[in-house]
Amino acid sequence: MVERVLRAPSQYWMLIMMWIRSSMAYPASFVLMLFSSMVLTVMDFVAIVLMFSHISSFGGFSLAEMALLYATASMTLGIADLLTGSIERVGERIRTGTFDVYLIRPVPAFLQTTADGFALRRLGRPLQALVVMVFAFSRLDVDWTVARGIVLVVSMIAGSVIFGAIFVLGAAFQFLAVDSAELANSFTYGGQTMTQYPLTVFGKEIVRAVTFVVPLAFVNYYPVLYLLDKPAPLGLPSWIGLLSPLVAVVMVALASLAWRGGLRRYRSTGS
Amino acid sequence: MAVIELTDVARAFTVTSRTGLRRTRREVRAVDGLSFSVEPGEVMGYIGPNGAGKSTTIKMLTGILVPSSGTIRVAGVDPSRHRLKLAKRIGVVFGQRTTLWWDLPLKDSFAVLQKMYDVPPARHRENLATFVELLDLGDLLDVPVRQLSLGQRMRGDIAAALLHDPEIVYLDEPTIGLDVISKARLREFLAQINADRRTTIILTTHDLDDIEALCTRVMVIDHGHQIFDGTLDGLKSSQSAPRTLVVDLATSLPPIEVVGATVTKVDGPRQHLTFPPTTSAAPLLAQIAANYPLVDLSVAEPTIESVITQLYAPRPSA
């Protein structure tokens with residue numbers, strides 16, 4: 001088990017290199033996709049900037065604060081999508097029977113499935129998020145300390161892991177219902193659209209749901225509140241944003257159980 | 001020491017069918033009470049009609065599927081519990097789906113497999129050189145897999161399955177869709193690998209020429225049950241498929257009368273007679289030669305197809 005975990009990064013790297021080279025077999029398509037993915041995500045942020053030409057604050061957030069919220073949501077989803085988003089193809093693999101090919105190889109099926117069709121063009125979103133983040137910090141008056149820097153980096157990692165776990169949970173669900181790829185998408189891509197706004201604008205019920213049910217609020221909202229010294233909603237303590245890594249660990253545990261359960265079911269039903 | 005051992009293995013599936021609003025669940029036993037063992041170096045043909053349980057068996061032997069009951073040992077381990085470990089010791093070729101990277105040159109797939117299976121580089125080069133020569137892959141190494149013909153791709157897939165020196169190779173319909181020359185070349189290659197390396201080969205196929213050319217042993221399954229296990233000759237003689245004697249007479253005659261055989265077809269001076277496989281053709285010939293103007297003759301053995309058809313046919317559905 002330990003050996004398996006230690007070997008995973010190099011095996012994953014080896015697999016994604018194969019897929020990157022595969023995508024380079026169609027260079028024009030690659031360039032177009034990368035370009036369109038960047039344009040799409042840029043338009044996303046332009047919409048927010050346009051909104052702020054009519055208002056000066058949204059849910060208690062200024063444009064620069066909104067930019068930080070947007071950048072962190074986009075960054076975490078972008079990283080998770082780049083590294084684990086391909087796992088949603090598992091349903092297609094099961095349907096066509098090619099998933100069996102992954103099960104006869106001496107590399108865990110999980111690694112092969114997350115690397116399946118690795119799309120470097122998905123780098124477009126985190127790159128764009130980085131640009132927006134630089135813009136946000138250039139206009140924000142944050143009192144930078146080492147501790148705050150660490151909080152930012154750690155919560156970006158934790159947020160990516162939470163989104164990644166949701167991708168995996170969605171993929172695991174496809175072992176039960178092969179056509180359910182869109183279900184996970186509503187929590188990941190849909191979740192990102194939501195968490196780029198101050199969550200309080202959606203009402204208390206939603207804030208509760210994304211805190212206690214699907215913990216999307218821990219991806220970026222609570223950590224950003226902490227960084228900006230803003231009070232947390234629902235009477236929660238302001239340090240709740242520091243709990244993101246813990247939430248990430250719980251999500252990974254759930255995702256791992258679900259994936260194993262799904263795989264076990266597949267191997268006992270063959271469909 | 002058997003390299004593969006199955007004891008009373010069963011695999012049931014739940015099939016849900018819907019008629020109107022009513023859903024009915026019923027259990028289908030794809031494999032039921034299967035027991036057999038395979039010795040190292042054997043080449044076993046595993047045949048049966050579609051849905052007989054062949055693929056289910058192969059999936060259990062590779063560890064993809066967990067059996068519902070019974071025990072399986074492959075290379076000394078339980079495949080479903082040690083799937084990843086066992087993977088290095090077996091090779092699998094799925095005739096209808098490739099394990100190669102579609103958009104990359106063939107050699108890239110081989111290179112990544114070397115890393116995946118931890119094959120020592122020297123051994124990898126040696127194997128690759130052998131396979132390139134035997135399977136004539138030299139010109140194909142730089143071609144993306146998607147541009148290969150079916151036969152070329154299959155050769156690539158078979159090389160890929162053997163690069164890590166597996167002890168056991170499962171070939172699931174490896175010659176499906178190939179032309180006669182490609183089939184012959186593949187069979188020759190597999191026979192050589194088996195001879196050189198004592199690789200155990202389990203072959204499922206619908207092409208009985210594969211069996212004829214390669215297998216020292218044939219196992220037939222139907223409805224999840226084993227219905228025959230033995231040599232190909234044994235399979236032929238186990239069934240009372242009649243042999244055929246074709247005689248050419250000097251002139252056209254009404255059906256001739258021969259004790260121990262019956263005329264089934266008259267075609268001008270040529271007459272077809274069938275006789276049971278237990279009878280020798282010699283006394284029949286003596287009779288015919290003594291009573292009729294015999295010019296030429298030939299004896300046709302029952303085709304393996306007719307034997308198999310007979311084997312499947314009498315089974316009432318359980």
# chains A, B, ... in the order shown; residues from 1 in each chain; ligands from 1
>>> interface_residues(of="chain B", to="chain A", cutoff="10 Å", atoms="only C-alpha atoms", output="ChimeraX atom specification")
/B:11-15,56,59-60,62-68,80,83-94,96-105,108-109,112-113,115-118,144
>>> write_last_selection(atoms="C-alpha atoms", output="compact mmCIF listing (two decimals), in the first residue's frame")
# COMPACT_ATOMS: atom_id res chain seq x y z
CA ARG B 11 -20.44 -16.12 -11.40
CA ALA B 12 -24.02 -14.92 -11.29
CA PHE B 13 -25.38 -11.65 -12.63
CA THR B 14 -28.63 -9.98 -11.79
CA VAL B 15 -30.49 -9.03 -14.92
CA THR B 56 -16.68 -13.99 -17.86
CA LYS B 59 -12.31 -11.69 -16.62
CA MET B 60 -12.25 -13.79 -13.46
CA THR B 62 -7.39 -11.79 -14.82
CA GLY B 63 -8.92 -10.56 -11.57
CA ILE B 64 -11.23 -8.01 -13.21
CA LEU B 65 -14.30 -9.87 -12.01
CA VAL B 66 -14.73 -11.40 -8.57
CA PRO B 67 -16.32 -14.86 -8.65
CA SER B 68 -19.63 -15.32 -6.82
CA SER B 80 -9.29 -10.79 -7.65
CA ARG B 83 -5.03 -8.07 -9.30
CA LEU B 84 -2.23 -5.50 -9.52
CA LYS B 85 0.48 -7.93 -8.52
CA LEU B 86 -0.79 -10.58 -10.90
CA ALA B 87 -1.00 -8.07 -13.74
CA LYS B 88 2.76 -8.21 -14.18
CA ARG B 89 2.69 -11.94 -14.69
CA ILE B 90 -0.09 -12.14 -17.24
CA GLY B 91 -0.70 -10.68 -20.67
CA VAL B 92 -4.13 -10.00 -22.09
CA VAL B 93 -5.20 -9.31 -25.66
CA PHE B 94 -8.75 -8.20 -26.27
CA GLN B 96 -11.97 -6.08 -30.24
CA ARG B 97 -10.36 -3.30 -28.25
CA THR B 98 -6.82 -2.15 -28.31
CA THR B 99 -4.65 -1.52 -25.27
CA LEU B 100 -2.37 0.73 -27.32
CA TRP B 101 -2.36 4.54 -27.32
CA TRP B 102 -4.49 5.44 -30.29
CA ASP B 103 -2.83 8.68 -31.41
CA LEU B 104 0.79 7.80 -30.69
CA PRO B 105 3.32 5.81 -32.69
CA ASP B 108 5.58 4.97 -27.71
CA SER B 109 3.07 2.46 -26.39
CA VAL B 112 5.35 3.29 -21.68
CA LEU B 113 4.53 -0.38 -21.13
CA LYS B 115 7.91 1.52 -17.49
CA MET B 116 4.49 0.40 -16.38
CA TYR B 117 5.61 -3.21 -16.03
CA ASP B 118 9.12 -2.38 -14.73
CA PRO B 144 0.36 6.16 -35.04
>>> residues_around(residues="B:Ile227", least_positions_apart="6", cutoff="9 Å", atoms="only C-alpha atoms", output="MDAnalysis selection string")
chainID B and resid 219:221 311:312
>>> residues_around(residues="A:Met251", least_positions_apart="6", cutoff="8 Å", atoms="only C-alpha atoms", output="short mmCIF file (atom, residue, chain, number, x, y, z; two decimals) with C-alpha atoms, in the first residue's frame")
data_model
loop_
_atom_site.label_atom_id
_atom_site.label_comp_id
_atom_site.auth_asym_id
_atom_site.auth_seq_id
_atom_site.Cartn_x
_atom_site.Cartn_y
_atom_site.Cartn_z
CA ILE A 162 -12.02 19.45 -2.33
CA ALA A 165 -12.69 14.87 -4.43
CA ILE A 166 -16.03 15.99 -5.86
#
>>> residues_around(residues="B:Lys265", least_positions_apart="5", cutoff="10 Å", atoms="only C-alpha atoms", output="PyMOL selection string")
chain B and resi 246+255+270-274
>>> residues_around(residues="B:Asp248", least_positions_apart="6", cutoff="8 Å", atoms="only C-alpha atoms", output="list in words")
Pro269, Arg270, Gln271, Leu294, Val295, Asp296 and Leu297 of chain B
>>> select_by_dssp(residues="stretch 115-164 of chain A", states="alpha helix (DSSP H)", output="count of residues only")
36
>>> atom_distance(atom1="atom CA of B:Gly70", atom2="atom CA of B:Ile47")
21.4 Å
>>> select_by_dssp(residues="stretch 177-295 of chain B", states="strand (DSSP E or B)", output="ChimeraX atom specification")
/B:200-204,217-222,225-230,243-249,262-267,270-275,294-295
>>> write_last_selection(atoms="C-alpha atoms", output="PDB file, in the first residue's frame")
ATOM      1  CA  THR B 200       0.789 -20.774 -21.112  1.00  0.00           C
ATOM      2  CA  ILE B 201      -1.781 -19.597 -23.632  1.00  0.00           C
ATOM      3  CA  ILE B 202      -5.533 -19.488 -23.188  1.00  0.00           C
ATOM      4  CA  LEU B 203      -7.289 -18.664 -26.407  1.00  0.00           C
ATOM      5  CA  THR B 204     -10.962 -17.906 -26.858  1.00  0.00           C
ATOM      6  CA  ARG B 217      -6.215 -28.927 -25.521  1.00  0.00           C
ATOM      7  CA  VAL B 218      -9.754 -27.767 -26.121  1.00  0.00           C
ATOM      8  CA  MET B 219     -12.348 -26.832 -23.604  1.00  0.00           C
ATOM      9  CA  VAL B 220     -15.914 -26.221 -24.666  1.00  0.00           C
ATOM     10  CA  ILE B 221     -18.368 -24.418 -22.454  1.00  0.00           C
ATOM     11  CA  ASP B 222     -22.020 -23.671 -22.960  1.00  0.00           C
ATOM     12  CA  HIS B 225     -21.017 -25.353 -17.909  1.00  0.00           C
ATOM     13  CA  GLN B 226     -18.034 -27.213 -19.170  1.00  0.00           C
ATOM     14  CA  ILE B 227     -19.216 -29.688 -21.784  1.00  0.00           C
ATOM     15  CA  PHE B 228     -15.923 -30.948 -23.154  1.00  0.00           C
ATOM     16  CA  ASP B 229     -12.275 -30.992 -22.075  1.00  0.00           C
ATOM     17  CA  GLY B 230      -9.661 -32.899 -24.026  1.00  0.00           C
ATOM     18  CA  ARG B 243     -17.627 -39.218 -41.991  1.00  0.00           C
ATOM     19  CA  THR B 244     -18.208 -38.861 -45.682  1.00  0.00           C
ATOM     20  CA  LEU B 245     -16.964 -41.033 -48.536  1.00  0.00           C
ATOM     21  CA  VAL B 246     -17.052 -39.505 -51.999  1.00  0.00           C
ATOM     22  CA  VAL B 247     -16.745 -41.970 -54.891  1.00  0.00           C
ATOM     23  CA  ASP B 248     -16.442 -41.228 -58.589  1.00  0.00           C
ATOM     24  CA  LEU B 249     -17.865 -44.004 -60.736  1.00  0.00           C
ATOM     25  CA  THR B 262     -25.860 -44.681 -47.034  1.00  0.00           C
ATOM     26  CA  VAL B 263     -25.838 -42.503 -50.108  1.00  0.00           C
ATOM     27  CA  THR B 264     -26.797 -38.961 -49.256  1.00  0.00           C
ATOM     28  CA  LYS B 265     -26.219 -37.290 -52.604  1.00  0.00           C
ATOM     29  CA  VAL B 266     -25.895 -38.327 -56.237  1.00  0.00           C
ATOM     30  CA  ASP B 267     -24.156 -35.895 -58.548  1.00  0.00           C
ATOM     31  CA  ARG B 270     -20.169 -38.830 -58.241  1.00  0.00           C
ATOM     32  CA  GLN B 271     -21.912 -40.198 -55.173  1.00  0.00           C
ATOM     33  CA  HIS B 272     -21.621 -39.087 -51.531  1.00  0.00           C
ATOM     34  CA  LEU B 273     -21.960 -41.698 -48.821  1.00  0.00           C
ATOM     35  CA  THR B 274     -21.939 -41.177 -45.065  1.00  0.00           C
ATOM     36  CA  PHE B 275     -20.839 -43.713 -42.529  1.00  0.00           C
ATOM     37  CA  LEU B 294     -14.867 -47.255 -59.172  1.00  0.00           C
ATOM     38  CA  VAL B 295     -12.659 -44.554 -60.725  1.00  0.00           C
TER      39      VAL B 295
END
>>> residues_around(residues="A:Ser138", least_positions_apart="5", cutoff="12 Å", atoms="only C-alpha atoms", output="mmCIF file with N, CA and C atoms, in the first residue's frame")
data_model
loop_
_atom_site.group_PDB
_atom_site.id
_atom_site.type_symbol
_atom_site.label_atom_id
_atom_site.label_comp_id
_atom_site.auth_asym_id
_atom_site.auth_seq_id
_atom_site.Cartn_x
_atom_site.Cartn_y
_atom_site.Cartn_z
ATOM 1 N N LEU A 63 -14.798 45.482 -5.805
ATOM 2 C CA LEU A 63 -14.351 44.819 -7.034
ATOM 3 C C LEU A 63 -13.079 44.007 -6.784
ATOM 4 N N ALA A 64 -12.111 44.617 -6.066
ATOM 5 C CA ALA A 64 -10.849 43.906 -5.831
ATOM 6 C C ALA A 64 -11.077 42.659 -4.989
ATOM 7 N N GLU A 65 -11.985 42.784 -4.011
ATOM 8 C CA GLU A 65 -12.294 41.618 -3.169
ATOM 9 C C GLU A 65 -13.006 40.538 -3.972
ATOM 10 N N ALA A 67 -12.609 40.139 -7.082
ATOM 11 C CA ALA A 67 -11.590 39.575 -7.966
ATOM 12 C C ALA A 67 -10.834 38.462 -7.252
ATOM 13 N N LEU A 68 -10.545 38.687 -5.966
ATOM 14 C CA LEU A 68 -9.839 37.654 -5.207
ATOM 15 C C LEU A 68 -10.724 36.408 -5.065
ATOM 16 N N VAL A 131 -3.681 35.562 -13.212
ATOM 17 C CA VAL A 131 -3.672 36.962 -13.652
ATOM 18 C C VAL A 131 -4.655 37.777 -12.822
ATOM 19 N N VAL A 132 -5.865 37.234 -12.643
ATOM 20 C CA VAL A 132 -6.880 37.953 -11.864
ATOM 21 C C VAL A 132 -6.434 38.103 -10.411
ATOM 22 N N MET A 133 -5.731 37.082 -9.898
ATOM 23 C CA MET A 133 -5.275 37.130 -8.510
ATOM 24 C C MET A 133 -4.238 38.238 -8.316
#
>>> atom_distance(atom1="atom CA of B:Leu135", atom2="atom CA of B:Thr199")
17.1 Å
>>> atom_distance(atom1="atom CA of A:Met194", atom2="atom CA of A:Pro231")
19.2 Å
>>> residues_around(residues="A:Leu34", least_positions_apart="2", cutoff="9 Å", atoms="only C-alpha atoms", output="list in words")
Ser29, Phe30, Val31, Leu32, Ser36, Ser37, Met38, Val39, Leu120, Arg121, Arg122, Leu123 and Gly124 of chain A
